[in-house]
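> Dropping in coords-v4.csv, with CSV, C-alpha atoms.
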chain,number,residue,atom,x,y,z
B,1,MET,CA,-30.2,-22.0,17.5
B,2,GLY,CA,-28.6,-21.3,14.1
B,3,TYR,CA,-26.2,-18.5,13.3
B,4,THR,CA,-27.9,-15.2,12.3
B,5,LEU,CA,-26.0,-12.7,10.1
B,6,ASN,CA,-25.9,-9.2,11.6
B,7,PHE,CA,-23.8,-6.6,9.7
B,8,ASN,CA,-24.7,-3.7,12.0
B,9,LEU,CA,-21.6,-3.9,14.0
B,10,ILE,CA,-19.5,-4.2,10.9
B,11,TRP,CA,-20.9,-1.0,9.4
B,12,ARG,CA,-20.3,0.7,12.7
B,13,HIS,CA,-16.6,0.0,12.4
B,14,PHE,CA,-16.4,0.3,8.6
B,15,ASP,CA,-14.0,3.2,8.9
B,16,LYS,CA,-11.3,0.7,10.0
B,17,LEU,CA,-11.9,-1.4,6.9
B,18,TRP,CA,-11.9,1.6,4.5
B,19,GLY,CA,-8.8,3.0,6.1
B,20,GLY,CA,-7.2,-0.4,5.9
B,21,LEU,CA,-8.1,-0.7,2.2
B,22,LEU,CA,-6.5,2.7,1.4
B,23,LEU,CA,-3.4,1.7,3.3
B,24,SER,CA,-3.2,-1.6,1.4
B,25,LEU,CA,-3.3,0.3,-1.9
B,26,GLU,CA,-0.7,2.7,-0.6
B,27,LEU,CA,1.6,-0.2,0.4
B,28,ALA,CA,1.2,-1.9,-2.9
B,29,VAL,CA,1.9,1.3,-5.0
B,30,ILE,CA,5.0,2.3,-3.0
B,31,SER,CA,6.3,-1.3,-3.1
B,32,ILE,CA,5.8,-1.8,-6.8
B,33,ALA,CA,7.5,1.6,-7.5
B,34,ILE,CA,10.5,0.6,-5.5
B,35,GLY,CA,10.4,-2.9,-6.9
B,36,ILE,CA,10.4,-1.6,-10.4
B,37,LEU,CA,13.6,0.4,-9.7
B,38,ILE,CA,15.2,-2.7,-8.2
B,39,GLY,CA,14.1,-5.0,-10.9
B,40,LEU,CA,15.0,-2.7,-13.8
B,41,LEU,CA,18.5,-1.9,-12.4
B,42,LEU,CA,19.3,-5.5,-11.7
B,43,ALA,CA,17.9,-6.7,-15.0
B,44,VAL,CA,20.0,-4.2,-17.0
B,45,TRP,CA,23.0,-5.1,-15.0
B,46,TYR,CA,22.3,-8.8,-15.5
B,47,VAL,CA,22.2,-8.6,-19.3
B,48,SER,CA,25.3,-6.4,-19.6
B,49,ALA,CA,27.6,-7.7,-16.8
B,50,GLY,CA,29.8,-10.7,-16.4
B,51,ARG,CA,29.2,-14.1,-14.9
B,52,ALA,CA,30.1,-13.1,-11.3
B,53,VAL,CA,27.5,-10.4,-11.3
B,54,ARG,CA,24.9,-12.6,-12.9
B,55,THR,CA,25.5,-15.2,-10.3
B,56,VAL,CA,24.9,-12.8,-7.4
B,57,ILE,CA,21.7,-11.4,-9.0
B,58,ALA,CA,20.5,-14.9,-9.7
B,59,ALA,CA,21.2,-15.9,-6.0
B,60,TYR,CA,19.1,-12.9,-4.8
B,61,VAL,CA,16.2,-13.8,-7.1
B,62,GLU,CA,16.2,-17.5,-6.2
B,63,PHE,CA,16.4,-16.8,-2.4
B,64,ILE,CA,13.5,-14.4,-2.5
B,65,ARG,CA,11.4,-16.5,-4.8
B,66,ASN,CA,11.8,-19.7,-2.7
B,67,VAL,CA,11.2,-18.2,0.8
B,68,PRO,CA,7.6,-17.5,1.9
B,69,LEU,CA,6.8,-13.8,2.1
B,70,ILE,CA,5.6,-14.1,5.7
B,71,LEU,CA,9.0,-15.5,6.7
B,72,LEU,CA,10.8,-12.6,5.0
B,73,VAL,CA,8.5,-10.2,6.8
B,74,TYR,CA,9.5,-11.7,10.2
B,75,LEU,CA,13.2,-11.7,9.3
B,76,VAL,CA,13.2,-8.0,8.4
B,77,PHE,CA,10.9,-6.8,11.2
B,78,TYR,CA,12.1,-9.0,14.0
B,79,GLY,CA,15.4,-10.5,12.9
B,80,LEU,CA,17.3,-7.7,11.3
B,81,PRO,CA,17.1,-5.2,14.3
B,82,THR,CA,18.5,-7.9,16.6
B,83,VAL,CA,21.7,-8.2,14.6
B,84,VAL,CA,22.0,-4.6,13.3
B,85,ASP,CA,21.6,-1.4,15.3
B,86,ILE,CA,18.6,-0.2,13.3
B,87,ALA,CA,15.1,0.8,14.2
B,88,TYR,CA,12.1,1.3,11.9
B,89,SER,CA,8.3,1.1,12.0
B,90,ALA,CA,6.3,-1.9,11.1
B,91,GLN,CA,5.0,-0.1,8.0
B,92,THR,CA,8.5,0.8,6.8
B,93,SER,CA,9.7,-2.7,7.5
B,94,PHE,CA,6.9,-4.2,5.4
B,95,ILE,CA,7.4,-1.8,2.5
B,96,ALA,CA,11.1,-2.7,2.4
B,97,THR,CA,10.3,-6.4,2.5
B,98,LEU,CA,7.6,-6.2,-0.2
B,99,SER,CA,9.8,-4.0,-2.4
B,100,LEU,CA,12.6,-6.6,-2.3
B,101,TYR,CA,10.1,-9.3,-2.8
B,102,SER,CA,8.6,-7.7,-5.9
B,103,GLY,CA,12.0,-6.6,-7.2
B,104,ALA,CA,13.2,-10.2,-7.3
B,105,TYR,CA,10.2,-11.2,-9.5
B,106,LEU,CA,10.5,-8.1,-11.7
B,107,VAL,CA,14.2,-8.9,-12.4
B,108,GLU,CA,13.1,-11.9,-14.3
B,109,VAL,CA,10.3,-10.1,-16.0
B,110,PHE,CA,12.5,-7.2,-17.2
B,111,ARG,CA,15.4,-9.5,-18.1
B,112,SER,CA,13.1,-11.6,-20.3
B,113,GLY,CA,11.7,-8.3,-21.8
B,114,LEU,CA,15.2,-6.9,-22.6
B,115,GLU,CA,16.3,-10.2,-24.2
B,116,ALA,CA,13.1,-10.3,-26.3
B,117,VAL,CA,13.9,-6.9,-28.0
B,118,PRO,CA,14.4,-7.7,-31.7
B,119,ARG,CA,18.1,-7.6,-32.7
B,120,GLY,CA,17.2,-5.6,-35.8
B,121,GLN,CA,16.0,-2.7,-33.7
B,122,LEU,CA,19.3,-2.6,-31.8
B,123,ASP,CA,21.3,-2.8,-35.0
B,124,ALA,CA,19.2,0.0,-36.5
B,125,GLY,CA,19.9,2.2,-33.5
B,126,LYS,CA,23.6,1.4,-33.8
B,127,ALA,CA,23.6,2.1,-37.5
B,128,ILE,CA,22.2,5.7,-37.0
B,129,GLY,CA,24.9,6.4,-34.4
B,130,LEU,CA,23.2,5.9,-31.1
B,131,THR,CA,25.4,5.2,-28.2
B,132,PRO,CA,24.9,2.1,-26.0
B,133,TRP,CA,23.1,4.3,-23.4
B,134,GLN,CA,20.9,5.9,-26.1
B,135,ARG,CA,20.0,2.5,-27.5
B,136,LEU,CA,19.0,1.4,-24.0
B,137,VAL,CA,16.9,4.4,-23.3
B,138,HIS,CA,15.3,5.0,-26.7
B,139,VAL,CA,15.1,1.4,-28.1
B,140,ARG,CA,15.4,-1.4,-25.5
B,141,LEU,CA,13.5,0.1,-22.6
B,142,PRO,CA,10.4,1.3,-24.5
B,143,THR,CA,10.1,-2.0,-26.4
B,144,MET,CA,10.7,-4.0,-23.1
B,145,LEU,CA,8.0,-2.0,-21.3
B,146,ARG,CA,5.5,-2.8,-24.1
B,147,ILE,CA,6.4,-6.5,-23.8
B,148,THR,CA,6.3,-6.7,-20.0
B,149,LEU,CA,3.4,-4.5,-19.2
B,150,PRO,CA,0.9,-7.4,-18.7
B,151,ALA,CA,3.3,-9.1,-16.4
B,152,LEU,CA,3.9,-5.9,-14.5
B,153,SER,CA,0.1,-5.4,-14.1
B,154,ASN,CA,-0.2,-9.0,-12.7
B,155,THR,CA,2.6,-8.4,-10.3
B,156,PHE,CA,0.9,-5.2,-8.9
B,157,LEU,CA,-2.4,-7.2,-8.4
B,158,SER,CA,-0.5,-9.9,-6.6
B,159,LEU,CA,1.2,-7.3,-4.4
B,160,PHE,CA,-2.1,-5.8,-3.5
B,161,LYS,CA,-3.3,-9.1,-2.2
B,162,ASP,CA,0.1,-9.8,-0.5
B,163,THR,CA,-0.3,-6.6,1.6
B,164,SER,CA,-2.6,-8.8,3.8
B,165,VAL,CA,0.5,-10.4,5.2
B,166,ALA,CA,1.4,-7.0,6.9
B,167,SER,CA,-1.3,-7.8,9.5
B,168,VAL,CA,1.1,-10.2,11.2
B,169,ILE,CA,3.3,-7.3,12.3
B,170,SER,CA,0.2,-5.1,13.2
B,171,VAL,CA,0.3,-2.8,10.1
B,172,PRO,CA,-3.3,-1.6,10.1
B,173,GLU,CA,-4.2,-2.6,6.5
B,174,LEU,CA,-7.4,-4.2,5.4
B,175,THR,CA,-6.9,-7.7,6.9
B,176,TYR,CA,-5.7,-6.2,10.2
B,177,GLY,CA,-8.9,-4.1,10.3
B,178,ALA,CA,-10.9,-7.2,9.8
B,179,GLN,CA,-9.1,-9.0,12.6
B,180,TRP,CA,-9.7,-6.0,14.9
B,181,ILE,CA,-13.4,-6.0,14.2
B,182,ASN,CA,-13.6,-9.7,14.6
B,183,PHE,CA,-11.8,-9.6,18.0
B,184,ASN,CA,-14.1,-6.8,19.3
B,185,THR,CA,-17.4,-7.9,17.9
B,186,PHE,CA,-17.0,-11.7,17.3
B,187,ARG,CA,-18.9,-11.4,14.0
B,188,ILE,CA,-16.3,-13.5,12.1
B,189,VAL,CA,-18.6,-14.5,9.2
B,190,GLU,CA,-19.9,-11.0,8.5
B,191,VAL,CA,-16.5,-9.2,8.7
B,192,TYR,CA,-14.7,-11.6,6.4
B,193,LEU,CA,-17.6,-11.6,3.9
B,194,VAL,CA,-17.3,-7.8,3.7
B,195,VAL,CA,-13.5,-7.9,3.5
B,196,THR,CA,-13.7,-10.6,0.8
B,197,ALA,CA,-16.0,-8.4,-1.2
B,198,MET,CA,-13.7,-5.4,-0.8
B,199,TYR,CA,-10.7,-7.4,-2.0
B,200,LEU,CA,-12.7,-8.7,-5.0
B,201,LEU,CA,-14.2,-5.4,-6.0
B,202,THR,CA,-10.9,-3.5,-5.7
B,203,GLY,CA,-9.0,-6.2,-7.5
B,204,TYR,CA,-11.4,-6.2,-10.4
B,205,ALA,CA,-11.3,-2.4,-10.5
B,206,LEU,CA,-7.5,-2.4,-10.6
B,207,LEU,CA,-7.6,-5.1,-13.3
B,208,PHE,CA,-9.9,-3.1,-15.5
B,209,ALA,CA,-7.8,0.1,-15.1
B,210,LEU,CA,-4.5,-1.8,-15.8
B,211,ARG,CA,-5.9,-3.5,-18.9
B,212,LEU,CA,-7.1,-0.1,-20.1
B,213,VAL,CA,-3.6,1.3,-19.7
B,214,GLU,CA,-2.2,-1.7,-21.6
B,215,ARG,CA,-4.6,-1.2,-24.5
B,216,ARG,CA,-3.9,2.5,-24.7
B,217,PHE,CA,-0.1,1.9,-24.5
B,218,ARG,CA,-0.3,-0.6,-27.3
B,219,ALA,CA,-2.4,1.8,-29.4
B,220,ALA,CA,0.1,4.6,-28.9
B,221,HIS,CA,2.9,2.4,-30.1
If you took the structure in this file and wrote it as structure tokens, what would it be?


Amino acid sequence: MGYTLNFNLIWRHFDKLWGGLLLSLELAVISIAIGILIGLLLAVWYVSAGRAVRTVIAAYVEFIRNVPLILLVYLVFYGLPTVVDIAYSAQTSFIATLSLYSGAYLVEVFRSGLEAVPRGQLDAGKAIGLTPWQRLVHVRLPTMLRITLPALSNTFLSLFKDTSVASVISVPELTYGAQWINFNTFRIVEVYLVVTAMYLLTGYALLFALRLVERRFRAAH
């Protein structure tokens, strides 16, 4: 007998998928916010500091970018508490990991954006008496943001999808909800079809909203 699709059990437990989707968005938003702070601070430090500092920052970036995210999640959640007297929840652990992960990528994004600011704008700011801090805040950062906004949007979309990795440490996000329903109903095809649709629809909605923000930001400048 062939397999017959039956979504009734999926809809019965849909609250787990909906709650998981909201948590996935929350994880992505918090992580990108912290990642922006990490990336921006390190990028500004990188372009203004000496070789030793640049080497340390580059080492952090290369380490994070060349280690799979799932391994970083295991190291922070399982490994770190075994060598350091520290305790935290799975959700806190994942946010910390994803923030460091996104921060490493955003260092390069922001660094490139800062270096792409036209020299003429900086010279003009200096000519009218702006201090280095004022030139950074009023000239370099606004121009850098306009340059890097598309890359920042793409990073957020990637982080939203990366939240699925949190399921390996039992954070009840969307993929974990799907695994729970599959384990309890054995409707593997139906649940993953629904979850795939939820990821796709949410991703396209986020993409549309972010592109709208980009267009309005460019129009305002």

> Pick out the closest residue to Pro142 of chain B from this set: B:Val76, B:Ala28, B:Ala124, B:Val117. Count all atoms listed in the file.

B:Val117

> Please report as CSV every residue of segment 99-183 of chain B lying within 9 Å of segment 52-66 of chain B, along with the nearest atom pair and their distance in Å (one decimal), using only C-alpha atoms.


residue,atom,partner,partner_atom,distance
B:Leu100,CA,B:Ile64,CA,7.9
B:Tyr101,CA,B:Ile64,CA,6.1
B:Ser102,CA,B:Ile64,CA,9.0
B:Gly103,CA,B:Val61,CA,8.3
B:Ala104,CA,B:Val61,CA,4.7
B:Tyr105,CA,B:Val61,CA,7.0
B:Val107,CA,B:Val61,CA,7.5
B:Glu108,CA,B:Val61,CA,8.1

> Have a look at B:Lys161, B:Ala166, B:Glu173, B:Arg119 and name the one nearest to Tyr204 of chain B; count all atoms listed in the file.

B:Lys161

> Which residue, B:Tyr46, B:Phe217, B:Trp18, B:Phe208, has the smallest gap to Thr175 of chain B when you use all atoms listed in the file?

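That would be B:Trp18, the residue with the smallest distance to Thr175 of chain B.
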
> Is it possible to get the residues within 12 Å of (4.0, -1.0, -25.5) (coordinates as in the file, counting only C-alpha atoms) written as a VMD selection string?

chain B and resid 113 117 139 to 150 213 to 221

> One decimal, in Å: what's the spacing between atom CA of Thr97 of chain B and atom CA of Val84 of chain B?

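Computing the Euclidean distance for atom CA of Thr97 of chain B and atom CA of Val84 of chain B yields 16.0 Å.
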
> Considering all atoms listed in the file, can you say which of B:Leu41, B:Ala90, B:Val73, B:Ile188 comes closest to Leu114 of chain B?

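Closest to Leu114 of chain B of all the choices is B:Leu41.
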
> If you measure from atom CA of Ala49 of chain B to atom CA of Leu152 of chain B, what distance in Å do you get, rounded to one decimal?

23.9 Å

> Go through B:Leu42, B:Glu190, B:Gly203, B:Ser99 and flag the residue nearest Ser153 of chain B, using all atoms listed in the file for the distances.

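Ranking B:Leu42, B:Glu190, B:Gly203, B:Ser99 by distance to Ser153 of chain B, first place goes to B:Gly203.
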
> What is the atom CA of Ala87 of chain B-atom CA of Ile34 of chain B distance in Å, reported with one decimal?

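It comes out at 20.2 Å.
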
> Which one of B:Leu80, B:Leu157, B:Ile32, B:Val168 sits closest to Leu200 of chain B if you count all atoms listed in the file?

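Among the listed residues, the smallest separation from Leu200 of chain B belongs to B:Leu157.
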
> Export segment 137-153 of chain B, all heavy atoms, as an mmCIF file, in the first residue's frame; it's the structure right above.


data_model
loop_
_atom_site.group_PDB
_atom_site.id
_atom_site.type_symbol
_atom_site.label_atom_id
_atom_site.label_comp_id
_atom_site.auth_asym_id
_atom_site.auth_seq_id
_atom_site.Cartn_x
_atom_site.Cartn_y
_atom_site.Cartn_z
ATOM 1 N N VAL B 137 31.587 59.098 13.177
ATOM 2 C CA VAL B 137 30.153 59.021 13.465
ATOM 3 C C VAL B 137 29.312 59.666 12.370
ATOM 4 O O VAL B 137 28.272 59.121 11.972
ATOM 5 C CB VAL B 137 29.845 59.670 14.836
ATOM 6 C CG1 VAL B 137 28.337 59.749 15.064
ATOM 7 C CG2 VAL B 137 30.516 58.890 15.954
ATOM 8 N N HIS B 138 29.766 60.804 11.858
ATOM 9 C CA HIS B 138 28.931 61.579 10.936
ATOM 10 C C HIS B 138 29.260 61.351 9.460
ATOM 11 O O HIS B 138 28.454 61.731 8.600
ATOM 12 C CB HIS B 138 29.058 63.070 11.256
ATOM 13 C CG HIS B 138 28.579 63.435 12.629
ATOM 14 N ND1 HIS B 138 27.255 63.360 12.999
ATOM 15 C CD2 HIS B 138 29.260 63.841 13.734
ATOM 16 C CE1 HIS B 138 27.130 63.726 14.269
ATOM 17 N NE2 HIS B 138 28.332 64.027 14.745
ATOM 18 N N VAL B 139 30.415 60.776 9.175
ATOM 19 C CA VAL B 139 30.810 60.589 7.777
ATOM 20 C C VAL B 139 30.982 59.113 7.436
ATOM 21 O O VAL B 139 30.289 58.572 6.569
ATOM 22 C CB VAL B 139 32.105 61.373 7.451
ATOM 23 C CG1 VAL B 139 32.491 61.149 5.988
ATOM 24 C CG2 VAL B 139 31.929 62.856 7.739
ATOM 25 N N ARG B 140 31.876 58.432 8.137
ATOM 26 C CA ARG B 140 32.228 57.059 7.756
ATOM 27 C C ARG B 140 31.104 56.061 8.032
ATOM 28 O O ARG B 140 30.770 55.251 7.166
ATOM 29 C CB ARG B 140 33.503 56.617 8.479
ATOM 30 C CG ARG B 140 34.736 57.432 8.156
ATOM 31 C CD ARG B 140 35.988 56.790 8.672
ATOM 32 N NE ARG B 140 36.427 55.688 7.819
ATOM 33 C CZ ARG B 140 37.554 55.005 8.024
ATOM 34 N NH1 ARG B 140 38.340 55.306 9.050
ATOM 35 N NH2 ARG B 140 37.899 54.031 7.216
ATOM 36 N N LEU B 141 30.529 56.109 9.236
ATOM 37 C CA LEU B 141 29.520 55.110 9.578
ATOM 38 C C LEU B 141 28.244 55.222 8.730
ATOM 39 O O LEU B 141 27.745 54.195 8.252
ATOM 40 C CB LEU B 141 29.180 55.190 11.070
ATOM 41 C CG LEU B 141 30.289 54.729 12.033
ATOM 42 C CD1 LEU B 141 29.802 54.780 13.468
ATOM 43 C CD2 LEU B 141 30.776 53.335 11.684
ATOM 44 N N PRO B 142 27.693 56.427 8.517
ATOM 45 C CA PRO B 142 26.493 56.498 7.652
ATOM 46 C C PRO B 142 26.756 56.012 6.232
ATOM 47 O O PRO B 142 25.931 55.302 5.644
ATOM 48 C CB PRO B 142 26.139 57.994 7.677
ATOM 49 C CG PRO B 142 26.705 58.504 8.949
ATOM 50 C CD PRO B 142 27.978 57.745 9.135
ATOM 51 N N THR B 143 27.918 56.383 5.671
ATOM 52 C CA THR B 143 28.254 55.928 4.318
ATOM 53 C C THR B 143 28.485 54.428 4.296
ATOM 54 O O THR B 143 28.036 53.723 3.385
ATOM 55 C CB THR B 143 29.498 56.659 3.801
ATOM 56 O OG1 THR B 143 29.284 58.072 3.870
ATOM 57 C CG2 THR B 143 29.801 56.259 2.366
ATOM 58 N N MET B 144 29.171 53.920 5.319
ATOM 59 C CA MET B 144 29.422 52.483 5.413
ATOM 60 C C MET B 144 28.128 51.700 5.506
ATOM 61 O O MET B 144 27.971 50.654 4.865
ATOM 62 C CB MET B 144 30.306 52.205 6.632
ATOM 63 C CG MET B 144 30.633 50.731 6.866
ATOM 64 S SD MET B 144 29.385 49.873 7.849
ATOM 65 C CE MET B 144 29.539 50.695 9.417
ATOM 66 N N LEU B 145 27.169 52.207 6.297
ATOM 67 C CA LEU B 145 25.891 51.510 6.443
ATOM 68 C C LEU B 145 25.160 51.424 5.114
ATOM 69 O O LEU B 145 24.595 50.377 4.778
ATOM 70 C CB LEU B 145 25.022 52.229 7.476
ATOM 71 C CG LEU B 145 23.649 51.602 7.737
ATOM 72 C CD1 LEU B 145 23.791 50.172 8.238
ATOM 73 C CD2 LEU B 145 22.861 52.447 8.740
ATOM 74 N N ARG B 146 25.182 52.508 4.354
ATOM 75 C CA ARG B 146 24.522 52.504 3.058
ATOM 76 C C ARG B 146 25.175 51.495 2.112
ATOM 77 O O ARG B 146 24.488 50.818 1.337
ATOM 78 C CB ARG B 146 24.578 53.909 2.448
ATOM 79 C CG ARG B 146 23.764 54.070 1.189
ATOM 80 C CD ARG B 146 23.520 55.526 0.860
ATOM 81 N NE ARG B 146 24.763 56.259 0.624
ATOM 82 C CZ ARG B 146 25.276 57.171 1.457
ATOM 83 N NH1 ARG B 146 24.669 57.442 2.603
ATOM 84 N NH2 ARG B 146 26.386 57.806 1.161
ATOM 85 N N ILE B 147 26.479 51.350 2.204
ATOM 86 C CA ILE B 147 27.210 50.415 1.344
ATOM 87 C C ILE B 147 26.945 48.964 1.751
ATOM 88 O O ILE B 147 26.787 48.084 0.906
ATOM 89 C CB ILE B 147 28.725 50.720 1.387
ATOM 90 C CG1 ILE B 147 29.010 52.089 0.771
ATOM 91 C CG2 ILE B 147 29.518 49.630 0.665
ATOM 92 C CD1 ILE B 147 30.434 52.556 0.974
ATOM 93 N N THR B 148 26.887 48.724 3.042
ATOM 94 C CA THR B 148 26.835 47.344 3.553
ATOM 95 C C THR B 148 25.434 46.829 3.834
ATOM 96 O O THR B 148 25.273 45.646 4.183
ATOM 97 C CB THR B 148 27.660 47.228 4.856
ATOM 98 O OG1 THR B 148 27.097 48.114 5.850
ATOM 99 C CG2 THR B 148 29.107 47.597 4.610
ATOM 100 N N LEU B 149 24.415 47.655 3.698
ATOM 101 C CA LEU B 149 23.058 47.227 4.052
ATOM 102 C C LEU B 149 22.601 45.965 3.313
ATOM 103 O O LEU B 149 22.004 45.069 3.929
ATOM 104 C CB LEU B 149 22.066 48.375 3.816
ATOM 105 C CG LEU B 149 20.685 48.208 4.455
ATOM 106 C CD1 LEU B 149 20.791 47.933 5.952
ATOM 107 C CD2 LEU B 149 19.835 49.453 4.212
ATOM 108 N N PRO B 150 22.863 45.823 2.006
ATOM 109 C CA PRO B 150 22.464 44.564 1.342
ATOM 110 C C PRO B 150 23.144 43.338 1.942
ATOM 111 O O PRO B 150 22.495 42.295 2.152
ATOM 112 C CB PRO B 150 22.899 44.786 -0.110
ATOM 113 C CG PRO B 150 22.889 46.274 -0.279
ATOM 114 C CD PRO B 150 23.361 46.812 1.032
ATOM 115 N N ALA B 151 24.436 43.447 2.243
ATOM 116 C CA ALA B 151 25.150 42.318 2.849
ATOM 117 C C ALA B 151 24.619 42.035 4.247
ATOM 118 O O ALA B 151 24.534 40.875 4.671
ATOM 119 C CB ALA B 151 26.643 42.614 2.902
ATOM 120 N N LEU B 152 24.257 43.082 4.984
ATOM 121 C CA LEU B 152 23.694 42.916 6.316
ATOM 122 C C LEU B 152 22.352 42.188 6.247
ATOM 123 O O LEU B 152 22.059 41.317 7.075
ATOM 124 C CB LEU B 152 23.531 44.288 6.964
ATOM 125 C CG LEU B 152 23.261 44.352 8.462
ATOM 126 C CD1 LEU B 152 24.356 43.642 9.238
ATOM 127 C CD2 LEU B 152 23.144 45.802 8.906
ATOM 128 N N SER B 153 21.546 42.532 5.257
ATOM 129 C CA SER B 153 20.263 41.856 5.066
ATOM 130 C C SER B 153 20.462 40.377 4.767
ATOM 131 O O SER B 153 19.774 39.511 5.325
ATOM 132 C CB SER B 153 19.489 42.516 3.923
ATOM 133 O OG SER B 153 19.198 43.868 4.208
#
